[in-house]
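The data block below is upload.txt; it holds compact mmCIF, C-alpha atoms and all ligand atoms.
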```txt
# COMPACT_ATOMS: atom_id res chain seq x y z
CA MET J 256 0.00 0.00 0.00
CA GLU J 257 1.49 3.33 -1.08
CA PHE J 258 1.00 6.28 1.25
CA GLU J 259 -0.44 8.37 -1.61
CA ASN J 260 -3.31 5.89 -2.04
CA ILE J 261 -4.41 5.83 1.59
CA GLU J 262 -7.96 7.17 1.95
CA THR J 263 -9.68 5.03 4.55
CA ILE J 264 -8.43 4.18 8.02
CA THR J 265 -9.99 1.73 10.46
CA LEU J 266 -9.45 2.08 14.19
CA LEU J 267 -9.99 -1.15 16.09
CA GLY J 268 -10.86 -0.27 19.69
CA ALA J 269 -12.70 2.90 20.69
CA GLY J 270 -11.00 3.38 24.07
CA SER J 271 -8.95 6.44 24.94
CA MET J 272 -6.25 5.69 22.37
CA GLY J 273 -8.61 4.36 19.67
CA HIS J 274 -10.95 7.32 19.65
CA GLY J 275 -8.04 9.74 20.07
CA ILE J 276 -6.23 8.34 17.03
CA ALA J 277 -9.51 8.30 15.08
CA GLU J 278 -9.86 12.01 15.87
CA VAL J 279 -6.33 12.74 14.65
CA ALA J 280 -6.93 10.81 11.41
CA ALA J 281 -10.27 12.53 10.79
CA LEU J 282 -8.74 15.97 11.41
CA ALA J 283 -6.14 15.10 8.77
CA GLY J 284 -8.97 14.50 6.26
CA TYR J 285 -9.15 10.69 6.19
CA GLU J 286 -12.36 8.65 6.16
CA VAL J 287 -12.31 6.86 9.50
CA ARG J 288 -14.15 3.82 10.78
CA LEU J 289 -14.14 3.48 14.55
CA ARG J 290 -14.91 -0.04 15.66
CA ASP J 291 -15.40 -1.73 19.02
CA ILE J 292 -17.08 -4.94 20.11
CA LYS J 293 -20.12 -3.35 21.80
CA THR J 294 -22.38 -0.49 20.74
CA GLU J 295 -21.94 1.23 24.12
CA PHE J 296 -18.12 1.19 23.73
CA VAL J 297 -18.30 2.71 20.25
CA GLU J 298 -20.86 5.30 21.29
CA ASN J 299 -18.81 6.29 24.31
CA GLY J 300 -15.63 6.56 22.17
CA TYR J 301 -17.43 8.67 19.56
CA GLU J 302 -18.83 10.97 22.29
CA GLN J 303 -15.33 11.47 23.68
CA LEU J 304 -14.04 12.22 20.20
CA VAL J 305 -16.73 14.87 19.68
CA TRP J 306 -16.01 16.29 23.16
CA SER J 307 -12.34 16.68 22.23
CA LEU J 308 -13.12 18.30 18.86
CA ASP J 309 -15.50 20.74 20.59
CA LYS J 310 -12.81 21.55 23.15
CA LEU J 311 -10.31 22.31 20.38
CA ALA J 312 -12.89 24.54 18.67
CA GLU J 313 -13.73 26.27 21.97
CA LYS J 314 -10.04 27.14 22.29
CA ASP J 315 -9.82 28.30 18.65
CA GLN J 316 -7.31 25.59 17.80
CA ILE J 317 -9.66 24.53 14.99
CA SER J 318 -12.82 26.14 13.62
CA GLU J 319 -16.31 24.84 14.42
CA GLU J 320 -16.66 23.83 10.75
CA GLU J 321 -13.44 21.79 10.96
CA ALA J 322 -14.69 20.11 14.14
CA ASP J 323 -18.02 19.21 12.52
CA ALA J 324 -16.36 17.99 9.32
CA ALA J 325 -13.94 15.79 11.28
CA ALA J 326 -16.77 14.30 13.36
CA ASP J 327 -18.70 13.57 10.14
CA ARG J 328 -15.73 11.71 8.67
CA VAL J 329 -15.88 9.14 11.48
CA THR J 330 -18.25 6.18 11.20
CA PRO J 331 -18.82 4.29 14.46
CA LEU J 332 -19.22 0.55 13.87
CA VAL J 333 -19.51 -2.76 15.67
CA ASP J 334 -19.51 -5.12 12.68
CA VAL J 335 -15.89 -6.09 12.03
CA LYS J 336 -16.48 -7.01 8.39
CA GLU J 337 -17.95 -3.59 7.65
CA ALA J 338 -15.14 -1.93 9.60
CA VAL J 339 -12.30 -3.43 7.56
CA ASP J 340 -13.98 -4.06 4.21
CA ASP J 341 -11.99 -2.21 1.52
CA THR J 342 -9.99 -0.24 4.10
CA ASP J 343 -6.41 0.88 3.44
CA VAL J 344 -4.93 0.90 6.93
CA VAL J 345 -6.01 -0.82 10.13
CA ILE J 346 -4.71 0.75 13.33
CA GLU J 347 -5.36 -1.61 16.20
CA ALA J 348 -5.78 -0.17 19.71
CA VAL J 349 -7.50 -2.99 21.62
CA PRO J 350 -6.52 -3.91 25.23
CA GLU J 351 -2.85 -4.55 25.92
CA LYS J 352 -3.10 -8.35 26.07
CA MET J 353 -1.33 -10.57 23.55
CA GLU J 354 -4.22 -13.10 23.35
CA ILE J 355 -6.83 -10.40 22.72
CA LYS J 356 -4.75 -8.77 20.01
CA LYS J 357 -4.00 -12.11 18.34
CA ASP J 358 -7.71 -13.01 18.27
CA VAL J 359 -8.53 -9.65 16.73
CA TYR J 360 -5.95 -10.07 13.96
CA SER J 361 -7.14 -13.58 13.06
CA GLU J 362 -10.65 -12.21 12.62
CA VAL J 363 -9.66 -9.05 10.79
CA GLU J 364 -7.35 -10.60 8.20
CA THR J 365 -10.27 -12.64 6.86
CA TYR J 366 -12.09 -9.49 5.76
CA ALA J 367 -9.33 -6.95 5.10
CA PRO J 368 -8.10 -6.62 1.50
CA ASP J 369 -4.62 -7.96 0.70
CA ARG J 370 -3.25 -4.44 0.26
CA THR J 371 -4.22 -3.29 3.78
CA ILE J 372 -1.47 -2.31 6.19
CA PHE J 373 -1.85 -3.47 9.80
CA ALA J 374 -0.38 -1.09 12.38
CA THR J 375 -0.58 -1.86 16.08
CA ASN J 376 -0.71 0.81 18.77
CA THR J 377 0.59 -1.69 21.32
CA SER J 378 2.42 -0.06 24.24
CA SER J 379 4.96 -2.83 24.68
CA LEU J 380 4.17 -6.18 23.05
CA SER J 381 6.41 -7.79 20.43
CA ILE J 382 5.62 -6.53 16.94
CA THR J 383 7.23 -9.62 15.45
CA ASP J 384 5.08 -12.01 17.53
CA LEU J 385 1.91 -10.13 16.63
CA SER J 386 2.83 -9.95 12.94
CA GLU J 387 3.34 -13.71 12.80
CA VAL J 388 -0.31 -14.44 13.59
CA THR J 389 -1.34 -12.49 10.50
CA ASP J 390 -1.20 -13.40 6.83
CA ARG J 391 0.91 -10.27 6.08
CA PRO J 392 3.87 -9.90 8.46
CA GLU J 393 5.70 -7.71 5.93
CA GLN J 394 2.76 -5.27 5.95
CA PHE J 395 2.72 -5.10 9.74
CA CYS J 396 4.44 -2.63 12.09
CA GLY J 397 4.02 -0.71 15.34
CA MET J 398 2.46 2.75 15.24
CA HIS J 399 2.55 3.88 18.84
CA PHE J 400 0.76 7.10 19.78
CA PHE J 401 0.77 8.83 23.16
CA ASN J 402 -2.10 9.86 25.36
CA PRO J 403 -3.87 12.17 24.58
CA PRO J 404 -3.16 11.54 20.86
CA VAL J 405 -4.56 14.86 19.70
CA ARG J 406 -2.09 16.74 21.93
CA MET J 407 1.02 14.54 21.83
CA GLN J 408 3.47 15.05 18.98
CA LEU J 409 5.50 11.83 18.92
CA VAL J 410 4.64 8.57 17.16
CA GLU J 411 6.96 5.59 17.49
CA VAL J 412 7.05 3.57 14.25
CA ILE J 413 8.38 0.18 15.23
CA THR J 414 10.02 -2.35 12.94
CA GLY J 415 9.17 -6.02 13.36
CA SER J 416 11.54 -8.69 12.06
CA HIS J 417 9.40 -9.16 8.95
CA THR J 418 8.30 -5.55 8.30
CA ALA J 419 9.00 -4.32 4.75
CA GLU J 420 10.72 -0.98 4.27
CA SER J 421 7.79 0.13 2.11
CA THR J 422 5.40 -0.44 5.05
CA LEU J 423 7.55 1.67 7.39
CA ASP J 424 7.78 4.42 4.76
CA ALA J 425 4.00 4.49 4.28
CA VAL J 426 3.29 4.54 8.03
CA GLU J 427 5.87 7.27 8.68
CA GLN J 428 4.36 9.39 5.92
CA LEU J 429 0.92 8.74 7.38
CA ALA J 430 2.10 9.91 10.83
CA GLU J 431 3.44 13.08 9.18
CA ALA J 432 0.13 13.59 7.36
CA PHE J 433 -1.49 13.39 10.82
CA GLY J 434 0.73 16.33 11.81
CA LYS J 435 2.89 14.13 14.05
CA THR J 436 6.62 13.54 14.33
CA PRO J 437 7.40 9.87 13.69
CA ILE J 438 10.55 8.29 15.04
CA ARG J 439 11.62 4.95 13.70
CA VAL J 440 12.38 2.39 16.37
CA HIS J 441 14.73 -0.04 14.65
CA LYS J 442 14.57 -2.79 17.28
CA ASP J 443 11.42 -4.53 18.43
CA SER J 444 12.36 -4.54 22.11
CA PRO J 445 9.84 -4.71 25.01
CA GLY J 446 8.24 -1.30 25.67
CA PHE J 447 10.14 0.16 22.68
CA ILE J 448 11.74 3.45 23.79
CA VAL J 449 9.24 5.65 25.64
CA ASN J 450 7.50 3.01 27.73
CA ARG J 451 10.74 1.23 28.57
CA ILE J 452 11.75 4.46 30.31
CA LEU J 453 8.43 5.89 31.46
CA VAL J 454 6.57 2.84 32.78
CA PRO J 455 9.35 1.80 35.22
CA LEU J 456 9.38 5.41 36.48
CA MET J 457 5.64 5.23 37.15
CA ASN J 458 6.08 1.83 38.82
CA GLU J 459 8.92 3.07 41.02
CA THR J 460 6.72 5.87 42.32
CA CYS J 461 4.09 3.24 43.20
CA TRP J 462 6.72 1.15 45.02
CA MET J 463 7.63 4.22 47.09
CA VAL J 464 3.99 4.54 48.17
CA SER J 465 3.70 0.78 48.79
CA ASP J 466 6.81 0.92 50.99
CA ASP J 467 5.60 4.09 52.77
CA GLU J 468 8.62 6.04 51.58
CA ALA J 469 6.64 8.94 50.08
CA THR J 470 3.04 9.99 49.45
CA VAL J 471 1.27 10.55 46.15
CA ALA J 472 1.22 14.30 46.86
CA GLU J 473 4.94 14.44 47.67
CA ILE J 474 5.89 12.47 44.58
CA ASP J 475 3.65 14.46 42.26
CA SER J 476 4.98 17.76 43.60
CA THR J 477 8.51 16.54 43.01
CA THR J 478 7.98 15.07 39.57
CA LYS J 479 5.97 18.05 38.33
CA PHE J 480 7.72 20.99 39.93
CA ASP J 481 11.28 19.74 40.41
CA MET J 482 11.82 17.23 37.61
CA GLY J 483 9.93 19.31 35.08
CA LEU J 484 7.54 16.63 33.82
CA PRO J 485 4.38 18.23 32.36
CA MET J 486 2.32 16.23 34.84
CA GLY J 487 2.99 14.60 38.20
CA ALA J 488 3.88 10.90 37.88
CA PHE J 489 0.54 9.78 39.36
CA GLU J 490 -1.39 12.36 37.36
CA LEU J 491 0.29 10.93 34.26
CA GLY J 492 -0.60 7.39 35.34
CA ASP J 493 -4.25 8.43 35.54
CA GLN J 494 -3.97 10.03 32.09
CA VAL J 495 -2.44 6.90 30.52
CA GLY J 496 -4.74 4.46 32.35
CA ASN J 497 -3.52 2.44 35.33
CA ASP J 498 -4.71 -0.80 33.74
CA VAL J 499 -2.51 -0.05 30.72
CA THR J 500 0.55 0.63 32.91
CA TYR J 501 -0.14 -2.57 34.84
CA HIS J 502 -0.45 -4.71 31.70
CA VAL J 503 2.76 -3.24 30.28
CA LEU J 504 4.58 -4.05 33.52
CA GLN J 505 3.23 -7.62 33.56
CA TYR J 506 4.63 -8.09 30.07
CA LEU J 507 7.98 -6.45 30.91
CA GLN J 508 8.25 -8.68 34.00
CA GLU J 509 7.48 -11.77 31.93
CA VAL J 510 10.10 -11.05 29.27
CA LEU J 511 12.72 -9.00 31.15
CA GLY J 512 12.49 -10.16 34.75
CA ASP J 513 11.37 -9.20 38.22
CA ALA J 514 12.87 -5.69 38.17
CA TYR J 515 9.61 -4.83 36.43
CA GLU J 516 7.27 -6.43 38.99
CA PRO J 517 4.20 -4.17 39.38
CA ALA J 518 4.09 -2.46 42.78
CA PRO J 519 1.33 -3.56 45.20
CA PHE J 520 -0.09 -0.01 45.28
CA LEU J 521 -0.58 -0.11 41.50
CA LYS J 522 -2.13 -3.58 41.65
CA GLU J 523 -4.56 -2.51 44.41
CA THR J 524 -5.56 0.53 42.36
CA VAL J 525 -6.23 -1.60 39.29
CA ASP J 526 -8.02 -4.32 41.28
CA ALA J 527 -10.34 -1.61 42.62
CA GLU J 528 -11.02 -0.60 38.97
CA ARG J 529 -9.55 2.85 39.59
CA TYR J 530 -8.18 3.06 36.07
CA GLY J 531 -7.70 6.83 36.01
CA LYS J 532 -9.42 9.69 34.26
CA LYS J 533 -11.34 7.39 31.93
CA SER J 534 -13.11 5.62 34.83
CA GLY J 535 -13.60 8.78 36.91
CA GLU J 536 -11.14 7.72 39.60
CA GLY J 537 -7.55 6.57 39.74
CA PHE J 538 -4.88 7.90 42.05
CA TYR J 539 -7.08 11.02 42.05
CA ASP J 540 -10.86 11.24 42.24
CA TYR J 541 -12.04 13.14 39.14
CA GLU J 542 -15.62 13.37 40.31
CA ASN J 543 -14.61 15.02 43.59
CA GLY J 544 -11.92 17.60 43.14
CA GLY J 545 -9.56 15.92 40.65
CA VAL J 546 -5.83 16.52 40.64
CA ASP J 547 -4.49 18.60 43.51
CA ILE J 548 -0.71 18.80 43.52
CA PRO J 549 0.78 20.91 46.34
CA THR J 550 3.37 23.46 45.21
N1 LIG J 601 -8.73 16.89 23.61
C1 LIG J 601 -8.99 18.20 23.77
N2 LIG J 601 -8.71 18.85 24.90
C2 LIG J 601 -8.13 18.15 25.89
C3 LIG J 601 -7.82 16.79 25.79
C4 LIG J 601 -8.16 16.14 24.59
N3 LIG J 601 -7.93 14.84 24.40
N4 LIG J 601 -7.27 16.36 26.95
C5 LIG J 601 -7.22 17.43 27.75
N5 LIG J 601 -7.75 18.50 27.13
C6 LIG J 601 -7.98 19.82 27.65
C7 LIG J 601 -8.37 19.80 29.11
O1 LIG J 601 -9.76 19.54 29.27
C8 LIG J 601 -8.01 21.20 29.55
O2 LIG J 601 -9.08 22.06 29.20
P1 LIG J 601 -9.49 23.34 30.12
O3 LIG J 601 -8.32 24.27 30.06
O4 LIG J 601 -10.70 23.91 29.45
O5 LIG J 601 -9.75 22.80 31.48
C9 LIG J 601 -6.83 21.49 28.68
O6 LIG J 601 -6.77 20.53 27.63
C10 LIG J 601 -5.50 21.44 29.37
O7 LIG J 601 -4.62 21.87 28.40
P2 LIG J 601 -3.50 22.86 28.73
O8 LIG J 601 -2.85 23.23 27.45
O9 LIG J 601 -4.00 23.91 29.66
O10 LIG J 601 -2.62 21.91 29.61
P3 LIG J 601 -1.22 21.50 29.34
O11 LIG J 601 -0.43 22.50 28.63
O12 LIG J 601 -0.77 21.02 30.65
O13 LIG J 601 -1.31 20.27 28.32
C11 LIG J 601 -1.07 17.93 28.16
C12 LIG J 601 -1.97 19.09 28.61
C13 LIG J 601 -0.69 18.07 26.69
C14 LIG J 601 -1.85 16.64 28.35
C15 LIG J 601 0.25 17.96 29.03
O14 LIG J 601 -0.11 17.96 30.39
C16 LIG J 601 1.17 16.81 28.77
O15 LIG J 601 1.94 16.81 27.83
N6 LIG J 601 1.12 15.77 29.64
C17 LIG J 601 1.96 14.60 29.48
C18 LIG J 601 1.23 13.58 28.70
C19 LIG J 601 2.14 12.42 28.32
O16 LIG J 601 3.31 12.36 28.61
N7 LIG J 601 1.54 11.43 27.64
C20 LIG J 601 2.24 10.26 27.24
C21 LIG J 601 2.05 9.19 28.25
S1 LIG J 601 2.78 7.65 27.77
C22 LIG J 601 1.67 6.94 26.72
O17 LIG J 601 0.61 7.47 26.45
C23 LIG J 601 2.07 5.66 26.10
C24 LIG J 601 1.13 4.54 26.44
O18 LIG J 601 1.48 3.44 25.62
C25 LIG J 601 1.22 4.10 27.88
```

Reformat the file's structure so that it appears as structure tokens.
Amino acid sequence: MEFENIETITLLGAGSMGHGIAEVAALAGYEVRLRDIKTEFVENGYEQLVWSLDKLAEKDQISEEEADAAADRVTPLVDVKEAVDDTDVVIEAVPEKMEIKKDVYSEVETYAPDRTIFATNTSSLSITDLSEVTDRPEQFCGMHFFNPPVRMQLVEVITGSHTAESTLDAVEQLAEAFGKTPIRVHKDSPGFIVNRILVPLMNETCWMVSDDEATVAEIDSTTKFDMGLPMGAFELGDQVGNDVTYHVLQYLQEVLGDAYEPAPFLKETVDAERYGKKSGEGFYDYENGGVDIPT
């Protein structure tokens, strides 16, 4: 698939990354299909997408006409066949579990045309392993966006062992057409570059709370106001999704060892379904006060 011929993009998964990437693609002028397994998931994702477009328009970052046109370019869908029929690129953003992703690819390849590129937004999983469950490993690569996609500039384009140069070229050009800055990650290593650095940082802060060495407030003040991160470490965890961080750590622990063992405080937070902003509560309670980082 040549970049110049890309017109239609399918997003698999309408969660925070799926609907955010769909928004970015629609703003860039592509026809977008946003698919999830249940109507309520797709509707919720589409509502969030419209909320974000309205917010951008409210702040004069785009016009109201651009917001409406982008929303109109997105078709919410549940039927997988309809979602990938005659599409040019599939960007998969389903939960960060190898088995779930593999199941999705086996289903999707049945209906997607031979020319279609498969790009995974996985946060950490092996691109090579995922590509090998498909019928087109050479047309498969990582395309890793950051949360929130509409605001974050970087896209990691990750090479699997079988990925063709032409696939990487097309996906890099697509990221540029989205207004993003792609960086090519030449090695398919766990967590790639950003998450290999960032996720252990977020886990370490959770270990400090688990071991009663520091509080959430102390750590967020330090990470935000002393270390210069745009958000406190726990605020960032809530932005990313604590379930996502936890799943990435489980994978890193499995393939790289116990240095990546998720901290008990993170596990408790996930077990209590405090996933972060998307569920209304995480390390902070977004329905009652939200983030409050002492200066
Ligand atoms: N769409 C539109 N508006 C949004 C939005 C979205 N998706 N998300 C937040 N906003 C709005 C907020 O509602 C708020 O609006 P308000 O002013 O009306 O209350 C406003 O944006 C805040 O924007 P500001 O410009 O005032 O705030 P900042 O300058 O602090 O920017 C930020 C916000 C860009 C999110 C910044 O805090 C930031 O860069 N944070 C770090 C995020 C980051 O590092 N993400 C990567 C995490 S790693 C990852 O995702 C990988 C994964 O695999 C784990």

For this session: Can you pull out every residue within 12 Å of J:Tyr501, counting all atoms listed in the file, but drop anything in the same chain fewer than 6 positions away, and send it as an MDAnalysis selection string?
Result: chainID J and resid 350:352 378:379 450 454:455 457:458 461 492:493 495 507:508 515:526 528:530

Export C-alpha atoms of the chosen residues as a compact mmCIF listing (two decimals), keeping the file's coordinate frame?
```txt
# COMPACT_ATOMS: atom_id res chain seq x y z
CA PRO J 350 -6.52 -3.91 25.23
CA GLU J 351 -2.85 -4.55 25.92
CA LYS J 352 -3.10 -8.35 26.07
CA SER J 378 2.42 -0.06 24.24
CA SER J 379 4.96 -2.83 24.68
CA ASN J 450 7.50 3.01 27.73
CA VAL J 454 6.57 2.84 32.78
CA PRO J 455 9.35 1.80 35.22
CA MET J 457 5.64 5.23 37.15
CA ASN J 458 6.08 1.83 38.82
CA CYS J 461 4.09 3.24 43.20
CA GLY J 492 -0.60 7.39 35.34
CA ASP J 493 -4.25 8.43 35.54
CA VAL J 495 -2.44 6.90 30.52
CA LEU J 507 7.98 -6.45 30.91
CA GLN J 508 8.25 -8.68 34.00
CA TYR J 515 9.61 -4.83 36.43
CA GLU J 516 7.27 -6.43 38.99
CA PRO J 517 4.20 -4.17 39.38
CA ALA J 518 4.09 -2.46 42.78
CA PRO J 519 1.33 -3.56 45.20
CA PHE J 520 -0.09 -0.01 45.28
CA LEU J 521 -0.58 -0.11 41.50
CA LYS J 522 -2.13 -3.58 41.65
CA GLU J 523 -4.56 -2.51 44.41
CA THR J 524 -5.56 0.53 42.36
CA VAL J 525 -6.23 -1.60 39.29
CA ASP J 526 -8.02 -4.32 41.28
CA GLU J 528 -11.02 -0.60 38.97
CA ARG J 529 -9.55 2.85 39.59
CA TYR J 530 -8.18 3.06 36.07
```

Exercise. So which one's closest to J:Asp475, J:Val344, J:Ala432, J:Val510, J:Ala488? Using all atoms listed in the file, please.
Worked result: J:Ala488

Exercise. Got a sec: who's within 9 Å of J:Glu298, counting all atoms listed in the file, leaving out chain neighbours fewer than 4 positions off, as a list of chain:residue names?
Worked result: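 In the requested format, the answer is J:Ala269, J:Lys293, J:Thr294, J:Glu302, J:Gln303, J:Pro331, J:Leu332.
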
Exercise. Of the residues J:Leu380, J:Val449, J:Leu511, J:Ala325, which is the one nearest to ligand LIG 601 (chain J), using all atoms listed in the file?
Worked result: J:Val449

For this session: Could you jot down the atom CA of J:Lys532 to atom CA of J:Glu490 separation for me, Å, one decimal place?
Result: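 Interatomic distance here is 9.0 Å.
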
For this session: State, in Å with one decimal place, the distance from atom O1 of ligand LIG 601 (chain J) to atom CA of J:Thr377.
Result: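 Interatomic distance, atom O1 of ligand LIG 601 (chain J) to atom CA of J:Thr377: 24.9 Å.
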
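Restricting the atom set to all atoms listed in the file, one finds that the residues within 6 Å of ligand LIG 601 (chain J) amount to Ser307, Lys310, Leu311, Ser378, Phe401, Asn402, Pro403, Val405, Arg406, Pro485, Met486 and Val495 of chain J.
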
Exercise. So, counting only C-alpha atoms, which residue among J:Val363, J:Leu504, J:Ala277, J:Ala430 is closest to J:Leu308?
Worked result: J:Ala277

Seminar exercise, completed: Here atom CA of J:Asp309 and atom CA of J:Phe258 stand apart by 29.2 Å

Problem set entry | Of the listed residues J:Val412, J:Arg328, J:Gly535, J:Val287, that which approaches J:Gln428 most closely, counting only C-alpha atoms |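 Closest to J:Gln428 of all the choices is J:Val412.
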
Problem set entry | Shell around J:Asp291 at 10 Å using only C-alpha atoms, local window under 4 positions removed, as a list in words | Leu266, Leu267, Gly268, Ala269, Gly270, Gly273, Glu295, Phe296, Val297, Glu298, Gly300, Pro331, Leu332, Val333, Asp334, Val335, Ala338, Ala348 and Val349 of chain J

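Shortest separation to J:Glu536 among J:Thr550, J:Thr371, J:Gln505, J:Asn497 occurs at residue J:Asn497, atoms counted being all atoms listed in the file.
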
Anything within 12 Å of (2.1, -11.5, 12.9): list those residues as a PDB file with C-alpha atoms, keeping the file's coordinate frame, counting all atoms listed in the file and sticking to the file's coordinates.
```pdb
ATOM      1  CA  MET J 353      -1.330 -10.570  23.550  1.00  0.00           C
ATOM      2  CA  LYS J 356      -4.750  -8.770  20.010  1.00  0.00           C
ATOM      3  CA  LYS J 357      -4.000 -12.110  18.340  1.00  0.00           C
ATOM      4  CA  ASP J 358      -7.710 -13.010  18.270  1.00  0.00           C
ATOM      5  CA  VAL J 359      -8.530  -9.650  16.730  1.00  0.00           C
ATOM      6  CA  TYR J 360      -5.950 -10.070  13.960  1.00  0.00           C
ATOM      7  CA  SER J 361      -7.140 -13.580  13.060  1.00  0.00           C
ATOM      8  CA  GLU J 364      -7.350 -10.600   8.200  1.00  0.00           C
ATOM      9  CA  ILE J 372      -1.470  -2.310   6.190  1.00  0.00           C
ATOM     10  CA  PHE J 373      -1.850  -3.470   9.800  1.00  0.00           C
ATOM     11  CA  ALA J 374      -0.380  -1.090  12.380  1.00  0.00           C
ATOM     12  CA  THR J 375      -0.580  -1.860  16.080  1.00  0.00           C
ATOM     13  CA  LEU J 380       4.170  -6.180  23.050  1.00  0.00           C
ATOM     14  CA  SER J 381       6.410  -7.790  20.430  1.00  0.00           C
ATOM     15  CA  ILE J 382       5.620  -6.530  16.940  1.00  0.00           C
ATOM     16  CA  THR J 383       7.230  -9.620  15.450  1.00  0.00           C
ATOM     17  CA  ASP J 384       5.080 -12.010  17.530  1.00  0.00           C
ATOM     18  CA  LEU J 385       1.910 -10.130  16.630  1.00  0.00           C
ATOM     19  CA  SER J 386       2.830  -9.950  12.940  1.00  0.00           C
ATOM     20  CA  GLU J 387       3.340 -13.710  12.800  1.00  0.00           C
ATOM     21  CA  VAL J 388      -0.310 -14.440  13.590  1.00  0.00           C
ATOM     22  CA  THR J 389      -1.340 -12.490  10.500  1.00  0.00           C
ATOM     23  CA  ASP J 390      -1.200 -13.400   6.830  1.00  0.00           C
ATOM     24  CA  ARG J 391       0.910 -10.270   6.080  1.00  0.00           C
ATOM     25  CA  PRO J 392       3.870  -9.900   8.460  1.00  0.00           C
ATOM     26  CA  GLU J 393       5.700  -7.710   5.930  1.00  0.00           C
ATOM     27  CA  GLN J 394       2.760  -5.270   5.950  1.00  0.00           C
ATOM     28  CA  PHE J 395       2.720  -5.100   9.740  1.00  0.00           C
ATOM     29  CA  CYS J 396       4.440  -2.630  12.090  1.00  0.00           C
ATOM     30  CA  GLY J 397       4.020  -0.710  15.340  1.00  0.00           C
ATOM     31  CA  GLY J 415       9.170  -6.020  13.360  1.00  0.00           C
ATOM     32  CA  SER J 416      11.540  -8.690  12.060  1.00  0.00           C
ATOM     33  CA  HIS J 417       9.400  -9.160   8.950  1.00  0.00           C
ATOM     34  CA  THR J 418       8.300  -5.550   8.300  1.00  0.00           C
TER      35      THR J 418
END
```

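Distance check against J:Ala281 using only C-alpha atoms: of J:Asp323, J:Asp315, J:Glu259, J:Asp498, the minimum falls on J:Asp323.
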
Exercise. Leaving out J:Asp547 and any residue of its chain fewer than 6 positions from it, which residues lie within 12 Å of it when counting all atoms listed in the file, given as a list in words?
Worked result: Val471, Ala472, Glu473, Asp475, Ser476, Lys479, Met486, Gly487, Phe489, Glu490, Phe538, Tyr539, Asp540 and Tyr541 of chain J

What's the 8 Å shell around J:Asp340, counting all atoms listed in the file, without same-chain residues fewer than 3 positions away, as a PDB file with C-alpha atoms, in the frame of the given file?
```pdb
ATOM      1  CA  LYS J 336     -16.480  -7.010   8.390  1.00  0.00           C
ATOM      2  CA  GLU J 337     -17.950  -3.590   7.650  1.00  0.00           C
ATOM      3  CA  TYR J 366     -12.090  -9.490   5.760  1.00  0.00           C
ATOM      4  CA  ALA J 367      -9.330  -6.950   5.100  1.00  0.00           C
ATOM      5  CA  PRO J 368      -8.100  -6.620   1.500  1.00  0.00           C
TER       6      PRO J 368
END
```

Mind dumping stretch 424-450 of chain J from that block, keeping C-alpha atoms, as a PDB file, in the first residue's frame?
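In the end it all went to selection_39.pdb:
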```
ATOM      1  CA  ASP J 424       7.777   4.421   4.761  1.00  0.00           C
ATOM      2  CA  ALA J 425       4.002   4.494   4.282  1.00  0.00           C
ATOM      3  CA  VAL J 426       3.295   4.539   8.032  1.00  0.00           C
ATOM      4  CA  GLU J 427       5.868   7.265   8.676  1.00  0.00           C
ATOM      5  CA  GLN J 428       4.361   9.390   5.924  1.00  0.00           C
ATOM      6  CA  LEU J 429       0.923   8.743   7.384  1.00  0.00           C
ATOM      7  CA  ALA J 430       2.099   9.913  10.828  1.00  0.00           C
ATOM      8  CA  GLU J 431       3.435  13.079   9.182  1.00  0.00           C
ATOM      9  CA  ALA J 432       0.128  13.586   7.363  1.00  0.00           C
ATOM     10  CA  PHE J 433      -1.490  13.390  10.823  1.00  0.00           C
ATOM     11  CA  GLY J 434       0.733  16.334  11.806  1.00  0.00           C
ATOM     12  CA  LYS J 435       2.887  14.134  14.047  1.00  0.00           C
ATOM     13  CA  THR J 436       6.616  13.536  14.327  1.00  0.00           C
ATOM     14  CA  PRO J 437       7.398   9.866  13.690  1.00  0.00           C
ATOM     15  CA  ILE J 438      10.552   8.287  15.040  1.00  0.00           C
ATOM     16  CA  ARG J 439      11.620   4.947  13.703  1.00  0.00           C
ATOM     17  CA  VAL J 440      12.382   2.385  16.375  1.00  0.00           C
ATOM     18  CA  HIS J 441      14.733  -0.043  14.648  1.00  0.00           C
ATOM     19  CA  LYS J 442      14.572  -2.792  17.280  1.00  0.00           C
ATOM     20  CA  ASP J 443      11.416  -4.532  18.427  1.00  0.00           C
ATOM     21  CA  SER J 444      12.358  -4.542  22.111  1.00  0.00           C
ATOM     22  CA  PRO J 445       9.837  -4.706  25.008  1.00  0.00           C
ATOM     23  CA  GLY J 446       8.236  -1.301  25.671  1.00  0.00           C
ATOM     24  CA  PHE J 447      10.138   0.157  22.684  1.00  0.00           C
ATOM     25  CA  ILE J 448      11.739   3.447  23.788  1.00  0.00           C
ATOM     26  CA  VAL J 449       9.241   5.645  25.637  1.00  0.00           C
ATOM     27  CA  ASN J 450       7.502   3.012  27.731  1.00  0.00           C
TER      28      ASN J 450
END
```
